[in-house]
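Shown next: final-v3.cif, containing mmCIF, C-alpha atoms.
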```
data_run
loop_
_atom_site.label_atom_id
_atom_site.label_comp_id
_atom_site.auth_asym_id
_atom_site.auth_seq_id
_atom_site.Cartn_x
_atom_site.Cartn_y
_atom_site.Cartn_z
CA MET A 1 109.63 108.66 97.77
CA VAL A 2 111.14 107.98 94.37
CA LEU A 3 114.06 106.21 96.02
CA ALA A 4 111.61 104.22 98.13
CA GLY A 5 109.91 103.13 94.93
CA GLN A 6 113.23 101.77 93.74
CA GLY A 7 113.50 99.60 96.83
CA ASP A 8 115.86 101.82 98.79
CA ARG A 9 115.32 100.68 102.42
CA ALA A 10 117.14 103.69 103.83
CA ALA A 11 114.67 105.93 101.97
CA TRP A 12 111.81 104.01 103.53
CA GLN A 13 113.16 104.64 107.02
CA THR A 14 113.83 108.30 106.30
CA LEU A 15 110.26 108.78 105.14
CA TYR A 16 108.97 107.02 108.24
CA VAL A 17 111.06 109.02 110.68
CA ARG A 18 110.19 112.27 108.97
CA HIS A 19 106.42 111.78 108.84
CA ARG A 20 105.43 109.32 111.58
CA GLU A 21 104.58 112.03 114.14
CA ARG A 22 102.07 113.68 111.84
CA VAL A 23 100.41 110.39 110.89
CA PHE A 24 100.28 109.09 114.46
CA ARG A 25 98.95 112.39 115.79
CA ILE A 26 96.04 112.47 113.34
CA ALA A 27 95.24 108.81 113.95
CA LEU A 28 95.41 109.17 117.74
CA ARG A 29 93.15 112.19 117.87
CA PHE A 30 90.70 110.60 115.48
CA LEU A 31 90.51 107.16 117.06
CA GLY A 32 91.17 108.22 120.63
CA GLU A 33 93.23 105.15 121.50
CA GLU A 34 96.91 104.32 121.12
CA ALA A 35 96.67 100.73 119.83
CA GLY A 36 94.38 101.72 116.97
CA ALA A 37 96.56 104.72 116.14
CA ARG A 38 99.67 102.53 115.95
CA ASP A 39 97.84 100.05 113.70
CA VAL A 40 96.69 102.83 111.40
CA THR A 41 100.20 104.33 111.31
CA GLN A 42 101.65 100.94 110.40
CA GLU A 43 99.05 100.38 107.69
CA VAL A 44 99.66 103.83 106.22
CA PHE A 45 103.41 103.32 105.85
CA VAL A 46 103.18 99.69 104.75
CA SER A 47 100.72 100.57 101.98
CA LEU A 48 102.88 103.56 101.06
CA PHE A 49 106.04 101.49 100.64
CA ALA A 50 104.22 98.61 98.95
CA ARG A 51 102.89 101.01 96.30
CA ALA A 52 105.96 103.23 96.12
CA ARG A 53 106.77 102.04 92.61
CA CYS A 54 103.44 103.42 91.38
CA TYR A 55 103.82 106.79 93.12
CA ARG A 56 103.78 109.77 90.79
CA PRO A 57 104.61 113.16 92.37
CA THR A 58 101.59 115.06 91.05
CA ALA A 59 100.90 116.70 94.41
CA SER A 60 102.99 117.45 97.50
CA PHE A 61 103.97 114.35 99.43
CA PRO A 62 102.58 115.58 102.80
CA SER A 63 99.24 116.22 101.09
CA TYR A 64 99.29 112.71 99.61
CA LEU A 65 100.29 111.19 102.95
CA ARG A 66 97.56 113.10 104.76
CA ARG A 67 94.92 111.82 102.37
CA VAL A 68 96.07 108.22 102.83
CA THR A 69 96.04 108.71 106.61
CA VAL A 70 92.53 110.18 106.61
CA ASN A 71 91.19 107.30 104.54
CA ARG A 72 92.84 104.69 106.77
CA CYS A 73 91.50 106.38 109.91
CA ILE A 74 87.95 106.46 108.61
CA ASN A 75 88.18 102.83 107.46
CA ALA A 76 89.60 101.80 110.83
CA ARG A 77 86.77 103.55 112.58
CA ALA A 78 84.22 101.80 110.39
CA SER A 79 85.71 98.38 111.05
CA ALA A 80 86.04 99.11 114.78
CA HIS A 81 82.33 99.88 114.86
CA LYS A 82 81.65 96.50 113.31
CA THR A 83 83.79 94.58 115.79
CA HIS A 84 82.88 96.73 118.81
CA ARG A 85 86.52 97.39 119.63
CA LEU A 86 86.08 100.99 120.69
CA GLU A 87 88.23 101.45 123.77
CA ALA A 88 89.19 104.75 125.29
CA SER A 89 92.63 105.26 126.68
CA ASP A 90 93.76 108.40 128.42
CA ALA A 91 97.37 107.31 128.77
CA ILE A 92 98.81 109.55 126.13
CA LEU A 93 96.27 112.34 126.18
CA SER A 94 96.51 113.36 129.83
CA GLU A 95 99.71 115.38 129.93
CA THR A 96 97.95 118.71 130.14
CA ALA A 97 95.90 117.60 133.13
CA ASP A 98 99.09 116.55 134.95
CA ARG A 99 100.55 120.02 134.61
CA ALA A 100 97.76 121.69 136.65
CA PRO A 101 98.95 123.53 139.81
CA ASN A 102 96.93 121.66 142.45
CA PRO A 103 94.89 118.46 142.75
CA GLU A 104 91.52 120.19 142.41
CA ALA A 105 92.55 122.07 139.31
CA ARG A 106 94.15 118.93 137.98
CA LEU A 107 90.94 116.98 138.45
CA GLU A 108 88.81 119.71 136.91
CA ARG A 109 91.09 119.93 133.94
CA HIS A 110 91.11 116.19 133.54
CA GLU A 111 87.33 116.07 133.59
CA THR A 112 87.07 118.91 131.09
CA ALA A 113 89.53 117.21 128.79
CA ALA A 114 87.57 113.95 129.06
CA ALA A 115 84.36 115.81 128.25
CA VAL A 116 85.93 117.44 125.20
CA ARG A 117 87.32 114.11 124.01
CA SER A 118 83.90 112.51 124.36
CA ALA A 119 82.29 115.36 122.47
CA ILE A 120 84.78 115.00 119.63
CA ALA A 121 84.38 111.22 119.58
CA ALA A 122 80.62 111.66 119.22
CA LEU A 123 80.97 113.71 116.05
CA PRO A 124 80.34 112.08 112.68
CA GLU A 125 83.60 110.90 111.16
CA ARG A 126 84.07 113.56 108.52
CA GLN A 127 83.18 116.38 110.92
CA ARG A 128 85.60 114.95 113.47
CA MET A 129 88.39 114.72 110.91
CA ALA A 130 87.70 118.28 109.70
CA ILE A 131 87.98 119.57 113.28
CA ILE A 132 91.21 117.65 113.88
CA LEU A 133 92.83 118.84 110.66
CA SER A 134 91.74 122.43 111.29
CA ARG A 135 92.41 122.72 115.01
CA TRP A 136 95.52 120.58 115.58
CA GLU A 137 97.09 120.31 112.15
CA GLY A 138 96.42 123.96 111.26
CA LEU A 139 95.37 123.17 107.72
CA SER A 140 93.62 125.61 105.41
CA TYR A 141 90.24 124.91 103.87
CA GLU A 142 91.96 123.91 100.63
CA GLU A 143 94.25 121.44 102.39
CA ILE A 144 91.38 119.94 104.37
CA ALA A 145 89.34 119.63 101.18
CA ALA A 146 92.24 117.76 99.54
CA ALA A 147 92.59 115.42 102.50
CA LEU A 148 88.87 114.67 102.66
CA ASP A 149 88.41 114.64 98.89
CA CYS A 150 85.60 117.17 98.98
CA SER A 151 84.95 120.78 98.02
CA ILE A 152 85.91 123.83 100.07
CA SER A 153 82.25 124.65 100.69
CA SER A 154 81.84 121.13 102.08
CA VAL A 155 84.71 121.79 104.47
CA GLU A 156 83.03 125.00 105.63
CA SER A 157 79.80 123.10 106.25
CA LEU A 158 81.60 120.30 108.08
CA LEU A 159 83.34 122.73 110.42
CA PHE A 160 80.20 124.77 110.98
CA ARG A 161 78.10 121.73 111.90
CA ALA A 162 80.90 120.25 113.99
CA ARG A 163 81.19 123.42 116.06
CA GLN A 164 77.44 123.50 116.63
CA ALA A 165 77.48 119.86 117.69
CA LEU A 166 80.45 120.45 120.02
CA TRP A 167 78.70 123.31 121.70
CA HIS A 168 75.57 121.26 122.30
CA ALA A 169 77.64 118.35 123.62
CA LEU A 170 79.71 120.53 125.98
CA PHE A 171 77.36 123.30 127.04
CA GLY A 172 73.91 122.52 125.72
CA ALA A 173 70.98 121.57 127.92
CA MET B 1 72.32 139.21 105.39
CA ARG B 2 70.40 136.16 106.59
CA CYS B 3 71.08 134.63 109.98
CA ARG B 4 72.13 131.25 108.52
CA SER B 5 74.75 132.97 106.36
CA ALA B 6 75.93 135.07 109.31
CA GLN B 7 76.41 131.99 111.49
CA LYS B 8 78.42 130.25 108.79
CA MET B 9 80.52 133.38 108.42
CA THR B 10 81.21 133.29 112.15
CA SER B 11 82.63 129.81 111.70
CA ARG B 12 84.82 131.00 108.84
CA ARG B 13 85.97 133.98 110.88
CA ILE B 14 87.34 131.60 113.51
CA ASP B 15 89.43 129.93 110.79
CA GLY B 16 90.67 133.27 109.45
CA ALA B 17 88.96 132.53 106.14
CA LEU B 18 86.65 135.52 106.01
CA ALA B 19 87.27 138.20 103.41
CA PRO B 20 87.50 141.75 104.81
CA ILE B 21 84.35 142.90 103.07
CA ASP B 22 82.45 139.92 104.48
CA ALA B 23 83.84 140.62 107.95
CA VAL B 24 82.40 144.14 107.82
CA ALA B 25 79.02 142.82 106.69
CA LEU B 26 79.07 140.21 109.47
CA GLU B 27 79.82 142.80 112.17
CA SER B 28 77.02 144.94 110.87
CA HIS B 29 74.56 142.02 111.10
CA LEU B 30 75.75 140.92 114.54
CA SER B 31 75.26 144.43 115.87
CA ARG B 32 71.55 144.15 114.98
CA CYS B 33 70.80 140.44 115.64
CA ALA B 34 70.87 139.12 119.21
CA ALA B 35 70.29 135.51 118.11
CA CYS B 36 73.34 135.55 115.85
CA GLN B 37 75.39 137.22 118.56
CA LEU B 38 74.52 134.35 120.89
CA ALA B 39 75.28 131.77 118.18
CA ALA B 40 78.64 133.44 117.51
CA ARG B 41 79.57 133.32 121.20
CA ARG B 42 78.67 129.64 121.41
CA THR B 43 80.71 128.78 118.33
CA GLU B 44 83.75 130.50 119.75
CA GLN B 45 83.19 128.94 123.16
CA ALA B 46 83.11 125.43 121.67
CA TRP B 47 86.23 126.16 119.64
CA HIS B 48 88.22 127.47 122.58
CA ALA B 49 87.17 124.48 124.70
CA LEU B 50 89.36 122.37 122.43
CA ALA B 51 92.36 124.09 123.98
CA ASP B 52 91.88 121.72 126.94
CA LEU B 53 93.29 119.03 124.68
CA GLU B 54 96.53 120.87 123.90
CA GLU B 55 98.69 117.93 124.89
CA ALA B 56 101.89 116.83 123.21
CA VAL B 57 101.70 113.60 121.29
CA ARG B 58 104.76 111.39 120.84
CA ALA B 59 104.72 108.67 118.22
CA PRO B 60 106.27 105.35 119.28
CA ASP B 61 109.07 103.95 117.10
CA ASP B 62 107.52 101.02 115.27
CA TRP B 63 110.01 100.95 112.41
CA ALA B 64 111.01 97.29 112.87
CA ARG B 65 107.38 96.18 112.78
CA ILE B 66 106.61 98.34 109.75
CA GLU B 67 109.64 97.17 107.83
CA ALA B 68 108.78 93.52 108.47
CA ALA B 69 105.15 94.06 107.45
CA THR B 70 106.23 95.84 104.26
CA GLU B 71 108.58 93.00 103.31
CA ALA B 72 105.80 90.51 103.88
CA ARG B 73 103.34 92.59 101.85
CA LEU B 74 105.72 92.99 98.91
CA GLY B 75 106.36 89.27 98.87
CA ARG B 76 102.72 88.19 98.69
CA TRP B 77 101.05 91.19 97.12
CA MET B 78 101.83 90.36 93.53
CA PRO B 79 98.45 89.66 91.95
CA LEU B 80 97.74 86.20 90.59
CA TRP B 81 97.71 87.26 86.95
CA HIS B 82 101.03 89.06 87.36
CA ARG B 83 102.57 86.06 89.13
CA TRP B 84 101.29 83.85 86.30
CA GLN B 85 102.88 86.16 83.80
CA LEU B 86 106.25 86.15 85.53
CA ASP B 87 106.22 82.36 86.01
CA SER B 88 105.34 81.72 82.41
CA ILE B 89 108.05 83.89 80.85
CA PRO B 90 110.52 80.97 80.41
CA ALA B 91 107.77 78.80 78.95
CA ALA B 92 106.68 81.60 76.64
CA LEU B 93 110.23 82.09 75.45
CA ALA B 94 110.54 78.36 74.74
CA VAL B 95 107.30 78.38 72.75
CA LEU B 96 108.40 81.44 70.83
CA LEU B 97 111.73 79.84 70.00
CA ALA B 98 110.04 76.64 68.84
CA LEU B 99 107.64 78.59 66.66
CA THR B 100 110.46 80.58 65.12
CA VAL B 101 112.58 77.53 64.39
CA GLY B 102 109.60 75.59 63.16
CA THR B 103 108.39 78.37 60.92
CA ALA B 104 111.81 78.99 59.44
CA GLY B 105 112.39 75.29 58.97
CA GLY B 106 109.02 74.85 57.42
CA VAL B 107 109.62 77.67 54.99
CA LEU B 108 112.96 76.27 54.00
CA LEU B 109 111.58 72.79 53.56
CA SER B 110 108.60 73.95 51.57
CA ASN B 111 110.82 76.02 49.32
CA ALA B 112 113.01 73.01 48.77
CA ALA B 113 109.98 70.86 48.03
CA LEU B 114 108.44 73.31 45.64
CA ALA B 115 111.63 74.11 43.81
CA PRO B 116 111.69 72.35 40.45
CA ARG B 117 113.83 69.22 40.33
CA PRO B 118 116.37 68.94 37.57
CA ALA B 119 114.45 66.05 35.98
CA ASP B 120 111.32 68.14 35.70
CA LEU B 121 113.10 70.68 33.61
CA ARG B 122 113.21 68.20 30.72
CA ALA B 123 109.40 68.40 30.51
CA VAL B 124 109.39 72.18 30.25
CA PRO B 125 107.03 73.16 27.43
CA ILE B 126 108.16 75.02 24.36
CA GLU B 127 106.81 78.28 25.63
CA ALA B 128 108.89 78.15 28.78
CA ARG B 129 111.94 77.16 26.81
CA VAL B 130 111.41 80.14 24.58
CA ILE B 131 111.17 82.41 27.55
CA ALA B 132 114.23 80.84 29.07
CA GLU B 133 116.23 81.23 25.89
CA THR B 134 115.04 84.78 25.55
CA LEU B 135 115.55 85.86 29.08
CA GLY B 136 118.31 83.50 30.09
CA ASP B 137 118.30 81.26 33.16
CA LEU B 138 115.16 81.25 35.22
CA PRO B 139 116.06 82.09 38.81
CA TRP B 140 113.66 80.44 41.19
CA GLY B 141 110.99 82.91 42.23
CA SER B 142 111.55 85.32 39.36
CA PRO B 143 108.61 86.60 37.28
CA ALA B 144 109.91 84.58 34.29
CA ALA B 145 109.94 81.43 36.37
CA ARG B 146 106.41 82.04 37.52
CA LEU B 147 105.35 82.59 33.92
CA ALA B 148 106.98 79.33 32.97
CA VAL B 149 104.97 77.58 35.66
CA VAL B 150 101.79 79.09 34.23
CA PHE B 151 102.66 77.84 30.74
CA ASP B 152 103.50 74.49 32.19
CA GLY B 153 100.11 74.27 33.76
CA VAL B 154 98.36 75.29 30.55
CA SER B 155 100.34 72.71 28.62
CA ARG B 156 99.35 69.97 31.04
CA LEU B 157 95.75 70.93 30.64
CA GLN B 158 96.07 70.73 26.93
CA GLY B 159 97.61 67.29 27.27
CA ARG B 160 100.85 68.20 25.60
CA ILE B 161 102.86 67.01 28.54
CA PRO B 162 101.95 64.25 31.00
#
```
This entry written out as structure tokens:
Amino acid sequence: MVLAGQGDRAAWQTLYVRHRERVFRIALRFLGEEAGARDVTQEVFVSLFARARCYRPTASFPSYLRRVTVNRCINARASAHKTHRLEASDAILSETADRAPNPEARLERHETAAAVRSAIAALPERQRMAIILSRWEGLSYEEIAAALDCSISSVESLLFRARQALWHALFGA
Amino acid sequence: MRCRSAQKMTSRRIDGALAPIDAVALESHLSRCAACQLAARRTEQAWHALADLEEAVRAPDDWARIEAATEARLGRWMPLWHRWQLDSIPAALAVLLALTVGTAGGVLLSNAALAPRPADLRAVPIEARVIAETLGDLPWGSPAARLAVVFDGVSRLQGRIP
């Protein structure tokens, strides 16, 4: 990151290759559509490289990158709400359904996955991000708190309420 | 333990963030509270349902697009005041040089103008001449020279010299 701040283009590309999967994965699960996830990923890295000269390594770089990604995702969601560009795409998120043994199981699995995705998409933004960071990124409460810029007790509350909301969305009457 | 606390502890237990002593207290409460048992089962059920989304995610390679966007951002991002500063550095240097030359020139010229001309020395009053003879030549700017100027001024006031 220090080399990137000095204008080293090779350092830029190394950073991108090393961290793009993590950024894209969080953005895709949060926004639920590939085009938005690619836009967020681009914006994260462009803003990173544009401000590389000002970067000071006070925390771990993955933690810093995660926080930037979370902020960009939430901002993208807010602007998408304003422009009504919410579009669902199952192109990337359907691999598990395709691995089912027979057509009936495949269909059931696909429907369940779609239901879960809808339930997650219906969560408030911070609850949704807390679930994503906990479930698929495997972060601790401290790491989630750093990414969301909140306290650990707030993270506990977010996860607790998110799980209640998920249950009601998936199984409630 | 209250039910609200027990249900929150159930959530923390899923994340492996429950201290052993709290886990014991939670189990004790769940063994006595059917409502919290049901809530705990629901929380775990919702959590495990997320396993239906255990798909692999592959990020596309957008490096060319990102590099181009970064170059464009770096080229236009410089804020107006910073751009003004950078553009005005040559002008500022020219102004500074002019001020320096002008100030130095002005000092030199004023010193030359204020320095006593040889003809003026003939009108030096007796007091100054005494000082000069006592102390020797009066170097311009020396305390003796300044004293001579003072006497000169006093003498003019008294009308002894025109």
*Write out as a ChimeraX atom specification every residue belonging to chain B that has an atom at most 10 Å from any atom of chain A, counting only C-alpha atoms.*
/B:7-12,15-17,39,42-75,77
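One finds atom CA of A:Ala146 at 18.6 Å from atom CA of A:Pro124.
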*Could you tell me how far atom CA of A:Glu33 lies from atom CA of A:Ser118, in Å and to one decimal?*
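Spanning atom CA of A:Glu33 to atom CA of A:Ser118 is a straight-line distance of 12.2 Å.
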Grab all the atoms of stretch 148-166 of chain A that the file lists, wrap them in a box along x, y and z, add 8 Å per side, and give me centre plus edge lengths in Å (one decimal) as lines of an AutoDock Vina configuration file.
```
center_x = 83.2
center_y = 119.8
center_z = 109.0
size_x = 27.4
size_y = 26.4
size_z = 38.0
```
*Do a neighbour search on A:Val40 at 7 Å with all atoms listed in the file, toss out local chain neighbours closer than 4 positions, and write the hits as a PyMOL selection string.*
chain A and resi 27+36+44+72-73
